[in-house]
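See below for the structure under consideration.
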Amino acid sequence: MHGKLPTLKISYVSLFRSHAWQKSHESLILDLCQVLDNELEPLQIETVQKEAIHPRKSYKMTSSAADVTCFASYKWPVSTPSMLTDSSDRMDAGTTQKYWIDVQLRWGDYDSHDIERYTRTKFLSYTTDSMSIYPSPTGVVVGVDLAYNIYSAYGNWIPGMKPLMQQAMAKIMKASPALYVIRERIRKALQLFSSEPTESYLNSTNYAELFSHQTCWFVDDTNVYRVTVQKTFEGNLNTRPINGAMTVLNPRTGQCFIKVIHSSVWAGQKRLGQLAKWKTAEETVALVRSLPVEEQPNQLIVSRKGMLDPLEVTMLDFPNITIRGSEMQLPLQALLKIEKIGDMILKATEPKMSLWSCYDNWLATVSPYTAFSRLVLILRALHINTERAKI
C-alpha cells in the first residue's frame with residue numbers, strides 16, 4: 001500500500017490542478033443562481049443572494065454554510081425534509097421567508113458512492129450541529145459526486161423548487177464547462193480518450209490555419225513578470241520587479257493588444273512565476289469580455305505550454321473558444337525592444353491597455369500571411385541583435 005499512496009496523491013494533484021475543485025464549486029453555484037434568477041416570479045422570490053464561499057468548502061468536513069440564500073416575496077409553505085426524487089411532498093412544516101441552498105462536492109469511491117445517502121447524512125448532520133452557519137432552519141443540501149458524475153439533493157422544499165431543481169441539475173451536470181474539464185482530465189488519466197480530437201499544437205504544417213476565416217489570437221506571457229538584477233554592496237544579487245506587459249496579437253489583422261502589468265501587482269506576493277501565468281489568463285478573459293461577440297476570438301494560441309491550464313480554467317465562461325499550444329518559437333516578446341513600446345511600458349504608472357497596429361499599411365499590398373511572416377522576420381532580427389536590426 002505504501003507504494004500506492006504517493007501515486008494516488010500525484011494523480012489527485014494532477015486531476016484537480018489549477019484550483020479545479022473550487023472552480024467547479026463556484027461554477028455550480030453560479031449556474032444555480034442563474035436558474036433561480038430566471039424563475040423569480042413563479043417561485044415568488046424577492047431576491048437571490050450568492051454567499052461568500054469558504055476556500056475549503058466541501059473538504060472542511062466538520063461544518064458547512066449556505067452558498068445561495070433566497071428571500072421570499074411573501075411567505076413560503078415548507079415541506080418536511082425529503083429526497084430530490086421523492087414525489088409526495090406535503091407542505092406542512094410551517095412557513096419561512098428565507099431559503100438556502102448548500103452545494104457539497106465529494107469524490108466517491110467504489111465502496112461508497114451512494115450520493116443520496118451521503119446528501120441526506122450531510123443535511124441531517126449540518127442542520128443539527130452548532131458550527132454550521134445557515135440563515136434559516138429551512139433549506140436544501142445538493143450533493144455532487146465528481147468521480148461518478150452523479151448528484152442528489154435532500155432537504156426542505158418550497159412550492160415549485162423541486163421540479164426546477166430536477167431540471168436544472170440534469171442540465172448543469174451535462175453542460176457545465178467546469179465539470180467537463182474534470183471529466184476530460186479523468187478520461188486522460190485513465191487513458192479513455194474522448195471521441196473529440198484534441199486541438200493539435202500550432203506547427204509549421206498547420207501554420208496556414210491562422211489566416212482562415214476564424215479569428216485567432218496569440219497570447220504571449222513572456223514579459224509579464226520582469227525583474228531587474230542589481231548587485232548589492234556585499235556582492236549579492238538583488239532582484240526587483242519592473243513593469244511588464246502581456247501581448248495579444250491577431251495575425252490576420254496585425255492588431256496587437258498590449259496590457260501593461262504594473263510592478264505594484266507583485267507587491268507582497270509569492271511564487272511570482274506561477275502568479276504571472278494566472279494574471280495573464282485573467283487579463284486575457286477580461287479582454288475577451290470587453291469586446292463585442294463578433295470581435296471575440298475563436299482560438300487562443302499560447303506561446304508557452306504553462307499557460308494552457310490557467311487559460312483552460314479561467315475561460316470556462318467561453319466554452320466555444322478553443323485553446324491550443326504552439327511548437328513554433330515566435331519571438332513576440334521582441335515587441336518590447338521597439339523603443340516606443342518599451343518606453344511606454346517602463347514609464348507607465350498604472351496598469352493600462354493599448355492597441356497597436358503591427359502591419360502599418362502592409363495589408364493594402366500583401367496578404368496577411370506575407371505580412372505576418374514579415375513581422376516575425378523583423379521581430380526575430382530584433383530578438384537576435386537589436387542594434388543591427390534597426391539599421
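As shown in the C-alpha cells, the chain order sets the letters A, B, ...; within each chain, residues go from 1, and ligands are also counted from 1 in the order they appear.
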List the neighbours of Ala371 of chain A out to 8 Å using only C-alpha atoms; skip same-chain residues closer than 4 positions along the sequence, and give me the result as a PDB file with N, CA, C and O atoms, in the first residue's frame.
```pdb
ATOM      1  N   TYR A 359       1.110  45.959 -38.578  1.00  0.00           N
ATOM      2  CA  TYR A 359       1.306  45.782 -40.028  1.00  0.00           C
ATOM      3  C   TYR A 359       1.360  47.099 -40.795  1.00  0.00           C
ATOM      4  O   TYR A 359       1.465  47.076 -42.022  1.00  0.00           O
ATOM      5  N   TRP A 362       0.627  47.520 -44.648  1.00  0.00           N
ATOM      6  CA  TRP A 362       1.081  46.403 -45.494  1.00  0.00           C
ATOM      7  C   TRP A 362      -0.081  45.675 -46.164  1.00  0.00           C
ATOM      8  O   TRP A 362       0.045  45.194 -47.281  1.00  0.00           O
ATOM      9  N   LEU A 363      -1.203  45.541 -45.436  1.00  0.00           N
ATOM     10  CA  LEU A 363      -2.293  44.701 -45.963  1.00  0.00           C
ATOM     11  C   LEU A 363      -2.930  45.284 -47.219  1.00  0.00           C
ATOM     12  O   LEU A 363      -3.707  44.610 -47.904  1.00  0.00           O
ATOM     13  N   VAL A 366      -0.115  43.376 -49.580  1.00  0.00           N
ATOM     14  CA  VAL A 366       0.262  41.959 -49.418  1.00  0.00           C
ATOM     15  C   VAL A 366      -0.798  41.224 -48.596  1.00  0.00           C
ATOM     16  O   VAL A 366      -1.641  41.842 -47.936  1.00  0.00           O
ATOM     17  N   SER A 367      -0.746  39.899 -48.625  1.00  0.00           N
ATOM     18  CA  SER A 367      -1.711  39.074 -47.871  1.00  0.00           C
ATOM     19  C   SER A 367      -1.329  39.055 -46.390  1.00  0.00           C
ATOM     20  O   SER A 367      -0.176  39.325 -46.031  1.00  0.00           O
ATOM     21  N   LEU A 375       6.558  40.383 -40.242  1.00  0.00           N
ATOM     22  CA  LEU A 375       6.632  40.823 -38.847  1.00  0.00           C
ATOM     23  C   LEU A 375       7.517  39.877 -38.031  1.00  0.00           C
ATOM     24  O   LEU A 375       8.367  40.316 -37.249  1.00  0.00           O
TER      25      LEU A 375
END
```
**Request:** Please return as number ranges by chain: the residues of segment 184-348 of chain A that backbone DSSP assigns to alpha helix (DSSP H).
**Result:** A: 184-189, 272-290, 308-314, 339-347
**Prompt:** Within 10 Å of segment 74-90 of chain A, counting only C-alpha atoms, which residues qualify if same-chain residues fewer than 6 places away don't, as a ChimeraX atom specification?
**Reply:** /A:43-46,96-99,116-117,119-120,123-124,138-142,151-159,161-163,165-166
Could you give me, as JSON lines, every segment 185-236 of chain A residue with an atom at most 12 Å from segment 322-344 of chain A, plus its closest atom pair and distance in Å to one decimal, counting only C-alpha atoms, rows ordered by chain then number?
```
{"residue": "A:Pro197", "atom": "CA", "partner": "A:Thr322", "partner_atom": "CA", "distance": 11.9}
{"residue": "A:Thr198", "atom": "CA", "partner": "A:Arg324", "partner_atom": "CA", "distance": 8.9}
{"residue": "A:Glu199", "atom": "CA", "partner": "A:Arg324", "partner_atom": "CA", "distance": 6.1}
{"residue": "A:Ser200", "atom": "CA", "partner": "A:Arg324", "partner_atom": "CA", "distance": 7.0}
{"residue": "A:Tyr201", "atom": "CA", "partner": "A:Gly325", "partner_atom": "CA", "distance": 4.9}
{"residue": "A:Leu202", "atom": "CA", "partner": "A:Ser326", "partner_atom": "CA", "distance": 4.4}
{"residue": "A:Asn203", "atom": "CA", "partner": "A:Glu327", "partner_atom": "CA", "distance": 5.3}
{"residue": "A:Ser204", "atom": "CA", "partner": "A:Met328", "partner_atom": "CA", "distance": 7.2}
{"residue": "A:Thr205", "atom": "CA", "partner": "A:Met328", "partner_atom": "CA", "distance": 10.5}
{"residue": "A:Asn206", "atom": "CA", "partner": "A:Ser326", "partner_atom": "CA", "distance": 10.6}
{"residue": "A:Tyr207", "atom": "CA", "partner": "A:Met328", "partner_atom": "CA", "distance": 9.1}
{"residue": "A:Leu210", "atom": "CA", "partner": "A:Ser326", "partner_atom": "CA", "distance": 11.8}
{"residue": "A:Gln214", "atom": "CA", "partner": "A:Thr322", "partner_atom": "CA", "distance": 11.1}
{"residue": "A:Thr215", "atom": "CA", "partner": "A:Thr322", "partner_atom": "CA", "distance": 10.9}
{"residue": "A:Cys216", "atom": "CA", "partner": "A:Thr322", "partner_atom": "CA", "distance": 9.5}
{"residue": "A:Trp217", "atom": "CA", "partner": "A:Ile323", "partner_atom": "CA", "distance": 9.8}
{"residue": "A:Phe218", "atom": "CA", "partner": "A:Leu332", "partner_atom": "CA", "distance": 8.8}
{"residue": "A:Val219", "atom": "CA", "partner": "A:Leu332", "partner_atom": "CA", "distance": 9.1}
{"residue": "A:Asp220", "atom": "CA", "partner": "A:Leu332", "partner_atom": "CA", "distance": 6.8}
{"residue": "A:Asp221", "atom": "CA", "partner": "A:Gln333", "partner_atom": "CA", "distance": 8.2}
{"residue": "A:Thr222", "atom": "CA", "partner": "A:Gln333", "partner_atom": "CA", "distance": 6.2}
{"residue": "A:Asn223", "atom": "CA", "partner": "A:Gln333", "partner_atom": "CA", "distance": 6.4}
{"residue": "A:Val224", "atom": "CA", "partner": "A:Gln333", "partner_atom": "CA", "distance": 9.8}
{"residue": "A:Tyr225", "atom": "CA", "partner": "A:Gln333", "partner_atom": "CA", "distance": 12.0}
{"residue": "A:Arg226", "atom": "CA", "partner": "A:Gln333", "partner_atom": "CA", "distance": 11.5}
```
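For segment 32-40 of chain A, the set of protein, DNA and RNA residues having any atom at most 10 Å away, when counting only C-alpha atoms and skipping those fewer than 6 positions along the same chain, is Glu46, Thr47, Val48, Gln49, Lys50, Asp67, Val68, Thr69, Cys70, Ala72, Ser73, Ile101, Val103, Gly160, Met161, Leu164, Met165, Gln167, Ala168, Met169 and Ile172 of chain A.
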**Message:** Which of segment 74-297 of chain A end up as strand (DSSP E) when DSSP is run on this backbone - answer as a VMD selection string?
**Reply:** chain A and resid 74 to 77 82 to 83 95 to 106 139 to 145 150 to 155 216 to 220 226 to 231 237 to 242 244 to 249 255 to 261
How would the residues just chosen look if you wrote them out with C-alpha atoms as a compact mmCIF listing (two decimals), in the first residue's frame?
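Saved result, again_31.txt, follows:
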```
# COMPACT_ATOMS: atom_id res chain seq x y z
CA TYR A 74 -44.36 36.85 0.93
CA LYS A 75 -44.01 33.60 2.90
CA TRP A 76 -43.43 30.11 1.55
CA PRO A 77 -45.06 26.98 2.96
CA SER A 82 -37.24 14.68 1.52
CA MET A 83 -35.05 13.48 -1.36
CA THR A 95 -43.61 28.78 6.67
CA THR A 96 -40.39 30.68 6.00
CA GLN A 97 -39.12 33.87 4.36
CA LYS A 98 -35.55 32.64 3.87
CA TYR A 99 -34.49 29.52 1.97
CA TRP A 100 -30.91 28.38 1.48
CA ILE A 101 -29.04 26.03 -0.88
CA ASP A 102 -25.79 24.37 0.18
CA VAL A 103 -23.76 22.67 -2.58
CA GLN A 104 -21.49 19.85 -1.39
CA LEU A 105 -18.93 18.29 -3.74
CA ARG A 106 -17.47 14.88 -2.99
CA GLY A 139 -33.05 24.78 3.01
CA VAL A 140 -31.59 22.01 0.89
CA VAL A 141 -28.20 20.32 0.55
CA VAL A 142 -27.24 19.49 -3.04
CA GLY A 143 -24.60 16.75 -3.30
CA VAL A 144 -22.48 16.20 -6.42
CA ASP A 145 -20.10 13.26 -6.82
CA ILE A 150 -23.97 11.71 -10.10
CA TYR A 151 -25.97 14.10 -7.94
CA SER A 152 -28.81 14.29 -5.43
CA ALA A 153 -30.45 16.75 -3.05
CA TYR A 154 -32.10 16.42 0.34
CA GLY A 155 -33.87 18.98 2.48
CA CYS A 216 -7.03 33.61 -33.79
CA TRP A 217 -5.09 35.35 -31.06
CA PHE A 218 -1.53 34.73 -29.99
CA VAL A 219 -1.19 35.19 -26.23
CA ASP A 220 2.37 35.83 -25.05
CA ARG A 226 10.13 41.07 -15.48
CA VAL A 227 12.87 41.80 -12.97
CA THR A 228 15.94 43.94 -12.88
CA VAL A 229 19.00 42.42 -11.18
CA GLN A 230 21.27 44.63 -9.07
CA LYS A 231 24.44 43.74 -7.21
CA LEU A 237 22.33 39.70 -6.40
CA ASN A 238 19.08 41.51 -5.68
CA THR A 239 16.04 41.21 -7.98
CA ARG A 240 13.37 43.88 -8.19
CA PRO A 241 10.20 43.58 -10.33
CA ILE A 242 9.72 46.19 -13.06
CA GLY A 244 5.91 44.08 -17.69
CA ALA A 245 3.36 43.51 -20.43
CA MET A 246 1.05 40.86 -21.84
CA THR A 247 0.92 40.74 -25.64
CA VAL A 248 -2.11 39.57 -27.64
CA LEU A 249 -1.67 39.58 -31.43
CA GLN A 255 -3.91 44.26 -34.26
CA CYS A 256 -1.83 43.94 -31.13
CA PHE A 257 -3.24 44.47 -27.64
CA ILE A 258 -0.52 45.30 -25.11
CA LYS A 259 -1.59 45.30 -21.47
CA VAL A 260 0.90 46.92 -19.10
CA ILE A 261 1.29 44.88 -15.90
```
**Request:** Could you please determine the separation between atom CA of Thr284 of chain A and atom CA of Pro310 of chain A in Å, to one decimal place?
**Result:**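 Atom CA of Thr284 of chain A sits 10.6 Å away from atom CA of Pro310 of chain A.
Using only C-alpha atoms, the contacts of Leu190 of chain A at a cut-off of 12 Å, with sequence neighbours closer than 5 positions omitted, comprise Ser11, Leu15, Arg183, Glu184 and Arg185 of chain A.
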Go through segment 321-379 of chain A and flag each residue having an atom no more than 12 Å from segment 286-290 of chain A; for those, report the closest pair of atoms plus their distance in Å to one decimal, using only C-alpha atoms, ordered by chain and rising number, as CSV.
```
residue,atom,partner,partner_atom,distance
A:Ile321,CA,A:Val288,CA,10.1
A:Lys352,CA,A:Leu287,CA,11.6
A:Met353,CA,A:Leu287,CA,9.1
A:Ser354,CA,A:Leu287,CA,11.2
A:Leu355,CA,A:Leu287,CA,11.5
```
Now that the selection is made, can you save its residues with N, CA and C atoms as a PDB file, in the first residue's frame?
```pdb
ATOM      1  N   ILE A 321     -14.479  28.874 -27.334  1.00  0.00           N
ATOM      2  CA  ILE A 321     -13.135  29.343 -27.735  1.00  0.00           C
ATOM      3  C   ILE A 321     -12.136  28.220 -27.448  1.00  0.00           C
ATOM      4  N   LYS A 352      -2.436  49.535 -17.799  1.00  0.00           N
ATOM      5  CA  LYS A 352      -3.271  50.100 -18.869  1.00  0.00           C
ATOM      6  C   LYS A 352      -3.181  49.255 -20.122  1.00  0.00           C
ATOM      7  N   MET A 353      -4.254  49.318 -20.916  1.00  0.00           N
ATOM      8  CA  MET A 353      -4.329  48.551 -22.165  1.00  0.00           C
ATOM      9  C   MET A 353      -4.118  49.505 -23.333  1.00  0.00           C
ATOM     10  N   SER A 354      -3.318  49.080 -24.315  1.00  0.00           N
ATOM     11  CA  SER A 354      -3.157  49.892 -25.526  1.00  0.00           C
ATOM     12  C   SER A 354      -3.272  48.997 -26.756  1.00  0.00           C
ATOM     13  N   LEU A 355      -3.689  49.594 -27.848  1.00  0.00           N
ATOM     14  CA  LEU A 355      -3.877  48.846 -29.098  1.00  0.00           C
ATOM     15  C   LEU A 355      -2.923  49.392 -30.148  1.00  0.00           C
TER      16      LEU A 355
END
```
**Prompt:** Which value, in Å to one decimal, gives the distance between atom CA of Lys347 of chain A and atom CA of Asn243 of chain A?
**Reply:**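 If I compute the distance from atom CA of Lys347 of chain A to atom CA of Asn243 of chain A, I get 8.2 Å.
Atom pair atom CA of Glu350 of chain A / atom CA of His383 of chain A: separated by 26.7 Å.
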Output as JSON lines one row per residue of segment 279-298 of chain A within 9 Å of segment 312-318 of chain A: the closest atom pair and its distance in Å to one decimal place, counting only C-alpha atoms, sorted by chain and residue number ascending.
```
{"residue": "A:Ala281", "atom": "CA", "partner": "A:Thr314", "partner_atom": "CA", "distance": 6.5}
{"residue": "A:Glu282", "atom": "CA", "partner": "A:Thr314", "partner_atom": "CA", "distance": 6.6}
{"residue": "A:Thr284", "atom": "CA", "partner": "A:Met315", "partner_atom": "CA", "distance": 8.7}
{"residue": "A:Val285", "atom": "CA", "partner": "A:Met315", "partner_atom": "CA", "distance": 6.3}
```
